[in-house]
Amino acid sequence: MNYQQQPPQQQQQQQQLPPHSSDPEEELPRVLLALQTVYAPNVGGVGVGGNNTSGNGSSSSSPFDRRDVADRYLTSFQRTAVAWIVCDRLLSTSSSNTSASSNEDSTLSTQRQFFAAQTLHAKCLSDVHQLPPDSLPSLRDSLVHHFISHATDSVRANIENRPANRPLVTRLAMAIAALAVQLSWHTCLNDISTNVLSPHPELGPAVLELFRSIPEEADSNRLVVSREEDLWSYRDMLRNSSNIVLGLCEHAVQSTKSSGFDDVATTEAVLSCLQSWIRIVDMDPYLLEKTVLVPWVFELLGDSTNGGFELAVDVVVELLRTYPSHRKGNEGLIFSIIPKAMALGQDSSAVVGGAGVSVSPFQKSIQEEDEDGMRGYCRIFTEMGESYSTLILSHEEMNQGALVELVLRCSAIPDPDIAGITLHFWYRFVMGLEDLEPFEYRQIKIDSFSGQLTRLLSICTNLLRYPVGVEDLSADRLEDIEVNRSYFADTIDDCCRLLGGDAVLRNIGGALEEECHRVAALPQNRQPSDWHGIEAHLYAIQTIAMYVPSDEPQVIPFVMGLIPQLPTQVPLLRATACRAVGKFAPWLGRHPSYLQPLLPYLAQGLSIPKCAHSSAVAIREICENCQTMGDAALQLYDGIVAARDLQRGTPGSGEDFVIDLKNEIEVLEGVCKAISTKLLNDPSINSNVINGYINQLAQPIMTSMKVIASPEYSASPKQMSAELSRLTVLVQHLRLPKQSSFSRSDFILSLMKESWPMLDSVSKKHPRDFNCGEKLCRLHKHAMRECGAASYAPMLEPLSDQIVGNFSVSILSPYLYLASICVSEFGRNPAYSQLLFGMMANLSNSVFNSCRTVDDLTAHPDVVEEFFYLAGRMINYCPGPLVQSPLLNSLLQYAALGMKLDHRDANRGTLNFLEATVSYSLKLRTASALNAIEEASLAALEKAILAEGEPLVINLALALLGDLPAYRLDHGGGSIAGVLFHLNMLCPQLLFQWIQPPLVSAPEHAKSAFLGSLQSQVSRRDEFNSNVRKFTSVCERSRKLQNSERRQ
C-alpha cells in the first residue's frame, strides 16, 4: 500500500503583495506608504481597516489598503538586499511625505526611523552576506554617523525639554555592535572612544549604551556568522579589552562626581554597561578587584533612594554570581567585596559624635518598610550566601555565621515574595552541610548553625499563614499563595533532615500549643476568625510527618485531640487538619483510640467543597494504615452509595454525583484496601463472608452499569466514565486471601465476564468520547495485569474483537494502547501470535483508511504515536507473523509518512518502531544459529528493508539537515541516530548509497566527516551519537545562513 503526502489546501487566500524593487528609488516610496498605513492609517488618504478616506472621496490608488497587507509587505521587505540602502536613507531624513499635522508628522518620522534601525540591526545579525565584503566598512561608518547624529539630537532634546528618542539610539547601538562581530572589528572599543567619544564628550551615556551592547550582540543566539572561529576570536578580544571599558566607566563616574551634579542617566548607563560585561565577558577578577567601580557601586547601595539603586543591585548580584568562592583566582576580589557587602546589613557599633549605633541600610529599609530596599538587599545577601557557600562551610573561622544571620533576617521579612528569595540558599545550605565529610565534622558544623536553623523553622511557619481575608481572594491568587506555602514547607522539610524530626516537631508543636492558648484567651466572638496561626502550625506539622516516629508520645496526641475541636466553618483550616490526619495515618494505626472522633470529622468534610479532597485522601490513607478500619470504612462508603441512589431517584437531579468523583474514587480505593487488610489478616473468615464483602462493594456498581447499559437509558459520557472508574478501583485494589476458594483471579475474571455485555453496550453509546474510551481501556489493562495472562487468556479473543471493533468506529488512541498491553502480556507465548497479528492487521487497516495524508496524521498525532508503539511491540514480542507478512512493507511506507509529522510524541513512536525493526534484523543477522521461522523472518526483513529503506533513509537525512522534524536525535528507545546506527551495522553499503543524495546540500567538511564515520562503521553507540550531534550542529548553523540568503 503506497502513501503519498497530499498538498495541504489553503484555508484562506491572502491578498497578493506588490513586488519589491531592487531600485531604492522605487522601493523607498512604497516602504514610506506601507509605514504610513501601519503607523498613521488616517493620514494621507488610507483609513483604518482599509477604507479610503481621501478628502474628495475618490478611490485611493495605494496598494496598501489594509494594515495587515502593509505589515506583511514591510516584513518581506526587511529580508531583501535593497533594505540596506532604503533603511540608510530613512535614517538620514526626518522629512515626511504626508499632509499630517506637525505633531503627527514627528511621530511618524520617529516610527520610520526606529523601523529602519530595527531592520538594520536584524540584518547585521544574519544578512551581511547580502553585501560585498568590501562594502561593510562603509556600512559601519554610515551606522556610526547615524548613531552620532541621533544621539546628539537626544542630548539636545533633553536641553530643549522635548522627548528624546532613546530607543532609536539604543537600536542603532545594537546594530553597530552586531556589525562589529561580523567585521571582526577588534579595535572597535578604541576606535569608538577615539572617533566618537573624544570629539563628542556629551555622548558619554550613548557610548556606554553602545559598549553595553557589544558583548550582548556577540552572545546573541540570533547571530549568524560564517566562521565560528571568528566569533570565538572576537570574544577573546573582548576579554582582553575589558580594561578599556572599565576605564571609560571610571572616567564617566569621575566626571559625574567632579561636576557635583547628580547625573542619573550617566549613572544608569555605567551600571548597565558594567553588568553586561560582568555577565557575558569572562573578565579578569584582578581588574575588578582594583577598579574604583566596585566601591562606587556599593556607595550607591548605601541608600535605596539613590538613582540607579536597582541597577546597582543587579551589578552586585551578577558580580557575586560570576565570581563564586569555589573558583580559583577569585580570592582577592571576594575578600574585597565581603566587607563592603556585609556593611550593608550589619549595624555599626561605632559611636560617632555621641550619635549611638549606626543603623545599616538594610535595617533602615526594614524599619521604613521600604519594599525596593528590602528586596534589593535580600537579593544581594542571598546571592552572596549561595556564591560563597564553600567559605560558609569552611573549617576556617571567618565569622561565617554573620552572613547566614543576614540571610535569616531576609527570610524573616513579612512579605512572602521577598522572603521567598532566600529559600534556594537554604536548600543549598542544607545540601552542603549534608555532603560534608567526615561525619564528625559535619555534625560540628550542623551544631554550630542549629540555633539559626531553629529560628528558621519559626520564621517559615509564620510565613505559612494565610493572609487575613483569604476567603475573598480570587482562585488564581489563592493558587499563588499555595505555591509559596509549598516552598516554605520544603524549607521546613530541609531543616528536618539536619535537626531531626523529633526536635523540629517539638519546636513547632510547642509553638502550636502557645498559639492555641493565645486564641483561647481571646473573647469568644473573635476566636473563630483568628484561625490563621493554628492552621499554619498544622500545615508545618503535616509537612514533616515522614520524619516523625509512629510512637511519638506528646505532640501528635495533642494535635489529634485538637482537630475535632477546631472551628468547623473554616474550610481552609479544615482542609489542613484533614491533611494532617492523613499524613499521620501510620501513627493513628498504632493509636486507634484517636480515630473515633476523627472519622465523623473526615466524613463531614466530604460534603464541603474546599476540603472534600483533603478529607477523601485522609480517609484513604487511614484505610491503608489502620488494620481495624474495614467495617467502618465500608459503612462510610455505603452511606455515599445510598445518598447517590437517593439523588438518582430525585427528579431533575441531573448527574448522579453526591461528592466529586475523584474524591469518591479516593474513598473507594481506601475501602477496598481496608477490606483487603481485614480479609488477609483474619484466617477465620470463611468464603461466605468474603463473598458478602465482594457483593457489598461490587453490586452497586454492577447495578448502575446495567442501568446505563440498557438501550432505553440515555447515559451521559460522564456517568459511563464514573462507573468504569469505580469498577477499575475494585479490580486494582481489592485483594482476597490466597487460601480462599475464590481466588483474586477468579474474582476479577468473574467480574469481567459478568460486566462484558454491559461494557460492550456502554462503549457503543458514545463511541467517539475519548474519556469513556480511555476509562474502558484502563479497566481492561488492569484486569489483564491483576488477573495474570494465564488466567485472563479466555478473555483475549473477545477483548481483541472489542478493541478492533471499537477502534474502527472511534479511531481513538487508547484502544491502540490497550492492544499494545495485550501484545506485551501475551506476545511471548507462540500460541497467541496469530491472534495478536490478526488484531494488529485489522487495526492497521483502520489506521490506513482513516489517516492517509500528513494532514490526517497531524489531526491524530496520538493515534500515530500509539500505532507505531504497537507495531514496535509486535516486533519486540511476537515478530514472526508480522515480519513475514506484506503488512511490514505497508508499515515501513507508513512510517516514511509519519516521519514528516511535526509532533514530538508521534515522532518518537515512529522512530521506536523503525529502530525496533532494524535492530531485530541485526539481531537475527548476528545470531550464531537460527531456526526455520527466524531464517524466514530474516529473509523477509531484508527484503522489506531493501524495498522500503531508501525513503526512510532520505527522511532520516532530511531530519539531520533540519528539513524534517528531529525531536529524537540520539535518545534511547527510538531515535534518528539509533536507526542509522543499526542500519549501518546491518547494511552499510546500502545505507551509504541511500544517504548520499539527500546530504548533497550539507556543508562539505561536515558531510565528509559524517560519511567517513559511516564507512568506518563505528561500533560504539555513544561515539556514533556524538558524530551525529556534531553533524547536525554544523548543519543547523549552515541552515541559518541559507535561510537568511533565501530571504533576499
# chains A, B, ... in the order shown; residues from 1 in each chain; ligands from 1

call {"tool": "residues_around", "arguments": {"residues": "Ile446 of chain A", "least_positions_apart": "6", "cutoff": "10 Å", "atoms": "only C-alpha atoms", "output": "ChimeraX atom specification"}}
result
/A:393,430,433-434,436,440,453,498-499

call {"tool": "write_last_selection", "arguments": {"atoms": "all heavy atoms", "output": "PDB file, in the first residue's frame"}}
result
ATOM      1  N   LEU A 393      30.972  26.995  54.662  1.00  0.00           N
ATOM      2  CA  LEU A 393      31.148  25.637  55.186  1.00  0.00           C
ATOM      3  C   LEU A 393      32.605  25.296  55.463  1.00  0.00           C
ATOM      4  O   LEU A 393      32.913  24.161  55.810  1.00  0.00           O
ATOM      5  CB  LEU A 393      30.566  24.628  54.191  1.00  0.00           C
ATOM      6  CG  LEU A 393      29.072  24.794  53.887  1.00  0.00           C
ATOM      7  CD1 LEU A 393      28.630  23.789  52.838  1.00  0.00           C
ATOM      8  CD2 LEU A 393      28.236  24.637  55.151  1.00  0.00           C
ATOM      9  N   VAL A 430      21.585  23.434  53.228  1.00  0.00           N
ATOM     10  CA  VAL A 430      21.332  22.115  53.818  1.00  0.00           C
ATOM     11  C   VAL A 430      22.067  21.028  53.030  1.00  0.00           C
ATOM     12  O   VAL A 430      22.687  20.127  53.610  1.00  0.00           O
ATOM     13  CB  VAL A 430      19.822  21.834  53.863  1.00  0.00           C
ATOM     14  CG1 VAL A 430      19.535  20.385  54.228  1.00  0.00           C
ATOM     15  CG2 VAL A 430      19.135  22.768  54.868  1.00  0.00           C
ATOM     16  N   LEU A 433      25.748  21.106  53.897  1.00  0.00           N
ATOM     17  CA  LEU A 433      26.034  20.523  55.208  1.00  0.00           C
ATOM     18  C   LEU A 433      25.938  19.002  55.168  1.00  0.00           C
ATOM     19  O   LEU A 433      26.758  18.302  55.775  1.00  0.00           O
ATOM     20  CB  LEU A 433      25.067  21.083  56.248  1.00  0.00           C
ATOM     21  CG  LEU A 433      25.321  22.535  56.708  1.00  0.00           C
ATOM     22  CD1 LEU A 433      24.153  23.053  57.522  1.00  0.00           C
ATOM     23  CD2 LEU A 433      26.614  22.627  57.513  1.00  0.00           C
ATOM     24  N   GLU A 434      24.966  18.481  54.455  1.00  0.00           N
ATOM     25  CA  GLU A 434      24.798  17.025  54.373  1.00  0.00           C
ATOM     26  C   GLU A 434      25.968  16.360  53.653  1.00  0.00           C
ATOM     27  O   GLU A 434      26.282  15.192  53.914  1.00  0.00           O
ATOM     28  CB  GLU A 434      23.499  16.688  53.640  1.00  0.00           C
ATOM     29  CG  GLU A 434      22.258  16.942  54.471  1.00  0.00           C
ATOM     30  CD  GLU A 434      20.992  16.564  53.733  1.00  0.00           C
ATOM     31  OE1 GLU A 434      20.922  16.797  52.505  1.00  0.00           O
ATOM     32  OE2 GLU A 434      20.069  16.048  54.374  1.00  0.00           O
ATOM     33  N   LEU A 436      29.113  17.235  53.813  1.00  0.00           N
ATOM     34  CA  LEU A 436      30.404  17.390  54.485  1.00  0.00           C
ATOM     35  C   LEU A 436      30.910  16.051  55.002  1.00  0.00           C
ATOM     36  O   LEU A 436      30.141  15.209  55.472  1.00  0.00           O
ATOM     37  CB  LEU A 436      30.271  18.371  55.652  1.00  0.00           C
ATOM     38  CG  LEU A 436      30.066  19.854  55.300  1.00  0.00           C
ATOM     39  CD1 LEU A 436      29.877  20.680  56.558  1.00  0.00           C
ATOM     40  CD2 LEU A 436      31.245  20.397  54.490  1.00  0.00           C
ATOM     41  N   GLU A 440      31.845  13.380  61.750  1.00  0.00           N
ATOM     42  CA  GLU A 440      32.059  14.152  62.974  1.00  0.00           C
ATOM     43  C   GLU A 440      32.118  15.647  62.678  1.00  0.00           C
ATOM     44  O   GLU A 440      31.527  16.472  63.376  1.00  0.00           O
ATOM     45  CB  GLU A 440      33.347  13.699  63.671  1.00  0.00           C
ATOM     46  CG  GLU A 440      33.298  12.298  64.245  1.00  0.00           C
ATOM     47  CD  GLU A 440      33.441  11.227  63.176  1.00  0.00           C
ATOM     48  OE1 GLU A 440      33.796  11.582  62.025  1.00  0.00           O
ATOM     49  OE2 GLU A 440      33.184  10.040  63.476  1.00  0.00           O
ATOM     50  N   LEU A 453      19.036  27.563  62.368  1.00  0.00           N
ATOM     51  CA  LEU A 453      18.082  26.678  61.697  1.00  0.00           C
ATOM     52  C   LEU A 453      16.784  26.564  62.502  1.00  0.00           C
ATOM     53  O   LEU A 453      15.694  26.504  61.928  1.00  0.00           O
ATOM     54  CB  LEU A 453      18.703  25.299  61.493  1.00  0.00           C
ATOM     55  CG  LEU A 453      19.823  25.216  60.454  1.00  0.00           C
ATOM     56  CD1 LEU A 453      20.523  23.868  60.523  1.00  0.00           C
ATOM     57  CD2 LEU A 453      19.277  25.451  59.054  1.00  0.00           C
ATOM     58  N   LEU A 498      18.381  17.938  58.930  1.00  0.00           N
ATOM     59  CA  LEU A 498      19.564  18.263  59.727  1.00  0.00           C
ATOM     60  C   LEU A 498      19.302  18.175  61.227  1.00  0.00           C
ATOM     61  O   LEU A 498      20.123  17.663  61.985  1.00  0.00           O
ATOM     62  CB  LEU A 498      20.055  19.682  59.389  1.00  0.00           C
ATOM     63  CG  LEU A 498      20.565  19.918  57.964  1.00  0.00           C
ATOM     64  CD1 LEU A 498      21.006  21.356  57.812  1.00  0.00           C
ATOM     65  CD2 LEU A 498      21.718  18.980  57.635  1.00  0.00           C
ATOM     66  N   LEU A 499      18.156  18.688  61.657  1.00  0.00           N
ATOM     67  CA  LEU A 499      17.876  18.772  63.087  1.00  0.00           C
ATOM     68  C   LEU A 499      17.178  17.541  63.633  1.00  0.00           C
ATOM     69  O   LEU A 499      17.182  17.319  64.844  1.00  0.00           O
ATOM     70  CB  LEU A 499      17.007  20.010  63.371  1.00  0.00           C
ATOM     71  CG  LEU A 499      17.610  21.359  62.971  1.00  0.00           C
ATOM     72  CD1 LEU A 499      16.614  22.476  63.232  1.00  0.00           C
ATOM     73  CD2 LEU A 499      18.912  21.622  63.722  1.00  0.00           C
TER      74      LEU A 499
END

call {"tool": "residues_around", "arguments": {"residues": "Ala831 of chain A", "least_positions_apart": "4", "cutoff": "12 Å", "atoms": "only C-alpha atoms", "output": "PyMOL selection string"}}
result
chain A and resi 790+793+796+826-827+835-837+878+881

call {"tool": "residues_around", "arguments": {"residues": "Ala511 of chain A", "least_positions_apart": "5", "cutoff": "10 Å", "atoms": "only C-alpha atoms", "output": "list in words"}}
result
Ser458, Thr461, Leu505, Arg506, Cys516, His517, Gly533, Ile534 and His537 of chain A

call {"tool": "closest_residue", "arguments": {"among": "A:Val315, A:Ile748, A:Ile659, A:Ala412", "to": "Ala616 of chain A", "atoms": "only C-alpha atoms"}}
result
A:Ile659

call {"tool": "residues_around", "arguments": {"residues": "segment 252-269 of chain A", "least_positions_apart": "4", "cutoff": "9 Å", "atoms": "only C-alpha atoms", "output": "PDB file with N, CA, C and O atoms, in the first residue's frame"}}
result
ATOM      1  N   GLY A 204      28.601  60.623  26.208  1.00  0.00           N
ATOM      2  CA  GLY A 204      29.085  59.570  27.104  1.00  0.00           C
ATOM      3  C   GLY A 204      28.060  58.496  27.405  1.00  0.00           C
ATOM      4  O   GLY A 204      28.322  57.301  27.227  1.00  0.00           O
ATOM      5  N   PRO A 205      26.823  58.829  27.844  1.00  0.00           N
ATOM      6  CA  PRO A 205      25.826  57.779  28.103  1.00  0.00           C
ATOM      7  C   PRO A 205      25.493  56.945  26.870  1.00  0.00           C
ATOM      8  O   PRO A 205      25.300  55.733  26.978  1.00  0.00           O
ATOM      9  N   ALA A 206      25.438  57.583  25.705  1.00  0.00           N
ATOM     10  CA  ALA A 206      25.136  56.833  24.484  1.00  0.00           C
ATOM     11  C   ALA A 206      26.262  55.872  24.142  1.00  0.00           C
ATOM     12  O   ALA A 206      26.024  54.734  23.717  1.00  0.00           O
ATOM     13  N   VAL A 207      27.500  56.314  24.306  1.00  0.00           N
ATOM     14  CA  VAL A 207      28.637  55.434  24.030  1.00  0.00           C
ATOM     15  C   VAL A 207      28.653  54.273  25.022  1.00  0.00           C
ATOM     16  O   VAL A 207      28.961  53.127  24.657  1.00  0.00           O
ATOM     17  N   LEU A 208      28.314  54.540  26.272  1.00  0.00           N
ATOM     18  CA  LEU A 208      28.229  53.454  27.246  1.00  0.00           C
ATOM     19  C   LEU A 208      27.130  52.451  26.850  1.00  0.00           C
ATOM     20  O   LEU A 208      27.283  51.246  27.043  1.00  0.00           O
ATOM     21  N   GLU A 209      26.035  52.971  26.290  1.00  0.00           N
ATOM     22  CA  GLU A 209      24.978  52.091  25.781  1.00  0.00           C
ATOM     23  C   GLU A 209      25.516  51.215  24.669  1.00  0.00           C
ATOM     24  O   GLU A 209      25.209  50.019  24.584  1.00  0.00           O
ATOM     25  N   ARG A 212      27.732  48.620  26.138  1.00  0.00           N
ATOM     26  CA  ARG A 212      26.921  47.576  26.768  1.00  0.00           C
ATOM     27  C   ARG A 212      26.431  46.572  25.732  1.00  0.00           C
ATOM     28  O   ARG A 212      26.365  45.363  25.987  1.00  0.00           O
ATOM     29  N   GLY A 247      37.896  51.470  32.110  1.00  0.00           N
ATOM     30  CA  GLY A 247      38.463  52.821  32.129  1.00  0.00           C
ATOM     31  C   GLY A 247      37.448  53.868  31.724  1.00  0.00           C
ATOM     32  O   GLY A 247      37.367  54.952  32.341  1.00  0.00           O
ATOM     33  N   LEU A 248      36.663  53.570  30.691  1.00  0.00           N
ATOM     34  CA  LEU A 248      35.628  54.509  30.274  1.00  0.00           C
ATOM     35  C   LEU A 248      34.592  54.697  31.374  1.00  0.00           C
ATOM     36  O   LEU A 248      34.161  55.828  31.650  1.00  0.00           O
ATOM     37  N   CYS A 273      26.186  49.019  31.521  1.00  0.00           N
ATOM     38  CA  CYS A 273      27.365  48.550  30.790  1.00  0.00           C
ATOM     39  C   CYS A 273      28.176  47.579  31.645  1.00  0.00           C
ATOM     40  O   CYS A 273      28.594  46.509  31.177  1.00  0.00           O
ATOM     41  N   LEU A 274      28.379  47.944  32.896  1.00  0.00           N
ATOM     42  CA  LEU A 274      29.177  47.098  33.797  1.00  0.00           C
ATOM     43  C   LEU A 274      28.516  45.746  34.001  1.00  0.00           C
ATOM     44  O   LEU A 274      29.176  44.693  33.958  1.00  0.00           O
ATOM     45  N   LEU A 293      35.281  51.138  40.492  1.00  0.00           N
ATOM     46  CA  LEU A 293      33.847  50.984  40.206  1.00  0.00           C
ATOM     47  C   LEU A 293      33.132  50.165  41.261  1.00  0.00           C
ATOM     48  O   LEU A 293      31.982  50.439  41.602  1.00  0.00           O
ATOM     49  N   TRP A 296      32.392  52.211  44.247  1.00  0.00           N
ATOM     50  CA  TRP A 296      31.370  53.195  43.848  1.00  0.00           C
ATOM     51  C   TRP A 296      29.977  52.567  43.821  1.00  0.00           C
ATOM     52  O   TRP A 296      29.003  53.172  44.276  1.00  0.00           O
ATOM     53  N   ASN A 306      18.826  56.288  46.135  1.00  0.00           N
ATOM     54  CA  ASN A 306      19.790  56.767  45.147  1.00  0.00           C
ATOM     55  C   ASN A 306      19.358  56.383  43.742  1.00  0.00           C
ATOM     56  O   ASN A 306      18.816  55.291  43.515  1.00  0.00           O
ATOM     57  N   GLY A 307      19.622  57.263  42.784  1.00  0.00           N
ATOM     58  CA  GLY A 307      19.356  56.931  41.400  1.00  0.00           C
ATOM     59  C   GLY A 307      20.217  55.765  40.952  1.00  0.00           C
ATOM     60  O   GLY A 307      21.421  55.740  41.217  1.00  0.00           O
ATOM     61  N   GLY A 308      19.604  54.796  40.312  1.00  0.00           N
ATOM     62  CA  GLY A 308      20.346  53.625  39.865  1.00  0.00           C
ATOM     63  C   GLY A 308      20.484  52.542  40.909  1.00  0.00           C
ATOM     64  O   GLY A 308      21.242  51.578  40.710  1.00  0.00           O
ATOM     65  N   PHE A 309      19.726  52.627  42.029  1.00  0.00           N
ATOM     66  CA  PHE A 309      19.858  51.629  43.093  1.00  0.00           C
ATOM     67  C   PHE A 309      19.572  50.216  42.584  1.00  0.00           C
ATOM     68  O   PHE A 309      20.343  49.289  42.854  1.00  0.00           O
ATOM     69  N   LEU A 311      19.688  49.013  39.559  1.00  0.00           N
ATOM     70  CA  LEU A 311      20.745  48.563  38.649  1.00  0.00           C
ATOM     71  C   LEU A 311      22.014  48.207  39.423  1.00  0.00           C
ATOM     72  O   LEU A 311      22.721  47.260  39.065  1.00  0.00           O
ATOM     73  N   ALA A 312      22.291  48.960  40.484  1.00  0.00           N
ATOM     74  CA  ALA A 312      23.459  48.647  41.315  1.00  0.00           C
ATOM     75  C   ALA A 312      23.290  47.280  41.978  1.00  0.00           C
ATOM     76  O   ALA A 312      24.248  46.505  42.088  1.00  0.00           O
TER      77      ALA A 312
END

call {"tool": "residues_around", "arguments": {"residues": "Phe913 of chain A", "least_positions_apart": "2", "cutoff": "6 Å", "atoms": "only C-alpha atoms", "output": "PDB file with all heavy atoms, in the first residue's frame"}}
result
ATOM      1  N   PHE A 868       2.414   3.224  16.165  1.00  0.00           N
ATOM      2  CA  PHE A 868       3.788   2.771  15.933  1.00  0.00           C
ATOM      3  C   PHE A 868       4.399   2.138  17.177  1.00  0.00           C
ATOM      4  O   PHE A 868       5.263   1.255  17.068  1.00  0.00           O
ATOM      5  CB  PHE A 868       4.645   3.920  15.405  1.00  0.00           C
ATOM      6  CG  PHE A 868       4.438   4.174  13.936  1.00  0.00           C
ATOM      7  CD1 PHE A 868       3.862   5.351  13.492  1.00  0.00           C
ATOM      8  CD2 PHE A 868       4.794   3.208  13.005  1.00  0.00           C
ATOM      9  CE1 PHE A 868       3.663   5.575  12.141  1.00  0.00           C
ATOM     10  CE2 PHE A 868       4.594   3.422  11.645  1.00  0.00           C
ATOM     11  CZ  PHE A 868       4.027   4.609  11.211  1.00  0.00           C
ATOM     12  N   GLY A 872       5.917  -1.496  17.149  1.00  0.00           N
ATOM     13  CA  GLY A 872       7.217  -1.790  17.763  1.00  0.00           C
ATOM     14  C   GLY A 872       7.137  -2.919  18.766  1.00  0.00           C
ATOM     15  O   GLY A 872       8.043  -3.767  18.843  1.00  0.00           O
ATOM     16  N   THR A 910       7.171   6.691  15.955  1.00  0.00           N
ATOM     17  CA  THR A 910       7.602   6.234  14.630  1.00  0.00           C
ATOM     18  C   THR A 910       9.027   5.711  14.671  1.00  0.00           C
ATOM     19  O   THR A 910       9.337   4.625  14.146  1.00  0.00           O
ATOM     20  CB  THR A 910       7.488   7.391  13.622  1.00  0.00           C
ATOM     21  OG1 THR A 910       6.170   7.939  13.667  1.00  0.00           O
ATOM     22  CG2 THR A 910       7.785   6.910  12.211  1.00  0.00           C
ATOM     23  N   LEU A 911       9.921   6.475  15.280  1.00  0.00           N
ATOM     24  CA  LEU A 911      11.328   6.064  15.349  1.00  0.00           C
ATOM     25  C   LEU A 911      11.502   4.830  16.231  1.00  0.00           C
ATOM     26  O   LEU A 911      12.393   4.010  15.992  1.00  0.00           O
ATOM     27  CB  LEU A 911      12.182   7.222  15.859  1.00  0.00           C
ATOM     28  CG  LEU A 911      12.310   8.405  14.880  1.00  0.00           C
ATOM     29  CD1 LEU A 911      12.964   9.600  15.564  1.00  0.00           C
ATOM     30  CD2 LEU A 911      13.108   7.995  13.649  1.00  0.00           C
ATOM     31  N   GLU A 915      13.499   1.668  14.785  1.00  0.00           N
ATOM     32  CA  GLU A 915      14.704   1.153  15.439  1.00  0.00           C
ATOM     33  C   GLU A 915      14.481  -0.288  15.897  1.00  0.00           C
ATOM     34  O   GLU A 915      15.390  -1.128  15.800  1.00  0.00           O
ATOM     35  CB  GLU A 915      15.090   2.037  16.625  1.00  0.00           C
ATOM     36  CG  GLU A 915      16.418   1.649  17.238  1.00  0.00           C
ATOM     37  CD  GLU A 915      16.941   2.653  18.246  1.00  0.00           C
ATOM     38  OE1 GLU A 915      16.487   3.809  18.258  1.00  0.00           O
ATOM     39  OE2 GLU A 915      17.836   2.274  19.040  1.00  0.00           O
ATOM     40  N   ALA A 916      13.285  -0.611  16.382  1.00  0.00           N
ATOM     41  CA  ALA A 916      12.992  -1.988  16.791  1.00  0.00           C
ATOM     42  C   ALA A 916      13.100  -2.938  15.603  1.00  0.00           C
ATOM     43  O   ALA A 916      13.644  -4.047  15.719  1.00  0.00           O
ATOM     44  CB  ALA A 916      11.602  -2.067  17.409  1.00  0.00           C
TER      45      ALA A 916
END

call {"tool": "closest_residue", "arguments": {"among": "A:Gln118, A:Asn221, A:Asn190, A:Asn240", "to": "Ala175 of chain A", "atoms": "only C-alpha atoms"}}
result
A:Gln118

call {"tool": "residues_around", "arguments": {"residues": "Lys662 of chain A", "least_positions_apart": "3", "cutoff": "10 Å", "atoms": "only C-alpha atoms", "output": "PyMOL selection string"}}
result
chain A and resi 612-613+616-617+659+665-668+722+725

call {"tool": "write_last_selection", "arguments": {"atoms": "N, CA and C atoms", "output": "CSV table (one decimal), in the first residue's frame"}}
result
chain,number,residue,atom,x,y,z
A,612,ALA,N,-13.1,18.8,50.6
A,612,ALA,CA,-13.5,17.5,50.3
A,612,ALA,C,-12.4,16.6,49.9
A,613,HIS,N,-11.5,17.1,49.0
A,613,HIS,CA,-10.4,16.2,48.5
A,613,HIS,C,-9.5,15.9,49.7
A,616,ALA,N,-11.1,13.1,51.6
A,616,ALA,CA,-11.1,11.8,50.9
A,616,ALA,C,-9.7,11.2,50.9
A,617,VAL,N,-8.7,12.0,50.7
A,617,VAL,CA,-7.3,11.4,50.7
A,617,VAL,C,-7.0,10.9,52.1
A,659,ILE,N,-20.8,13.5,45.8
A,659,ILE,CA,-19.5,14.2,46.0
A,659,ILE,C,-18.7,14.0,44.7
A,665,ILE,N,-13.6,8.2,44.4
A,665,ILE,CA,-12.6,7.2,44.0
A,665,ILE,C,-11.6,7.0,45.1
A,666,GLU,N,-11.1,8.1,45.7
A,666,GLU,CA,-10.2,8.0,46.8
A,666,GLU,C,-10.7,7.2,47.9
A,667,VAL,N,-12.0,7.5,48.3
A,667,VAL,CA,-12.6,6.8,49.4
A,667,VAL,C,-12.8,5.3,49.0
A,668,LEU,N,-13.2,5.0,47.8
A,668,LEU,CA,-13.5,3.6,47.4
A,668,LEU,C,-12.1,2.9,47.4
A,722,ALA,N,-17.7,7.4,35.1
A,722,ALA,CA,-17.7,7.2,36.5
A,722,ALA,C,-17.8,5.7,36.9
A,725,SER,N,-14.7,3.9,36.1
A,725,SER,CA,-13.6,4.2,37.1
A,725,SER,C,-13.8,3.4,38.4
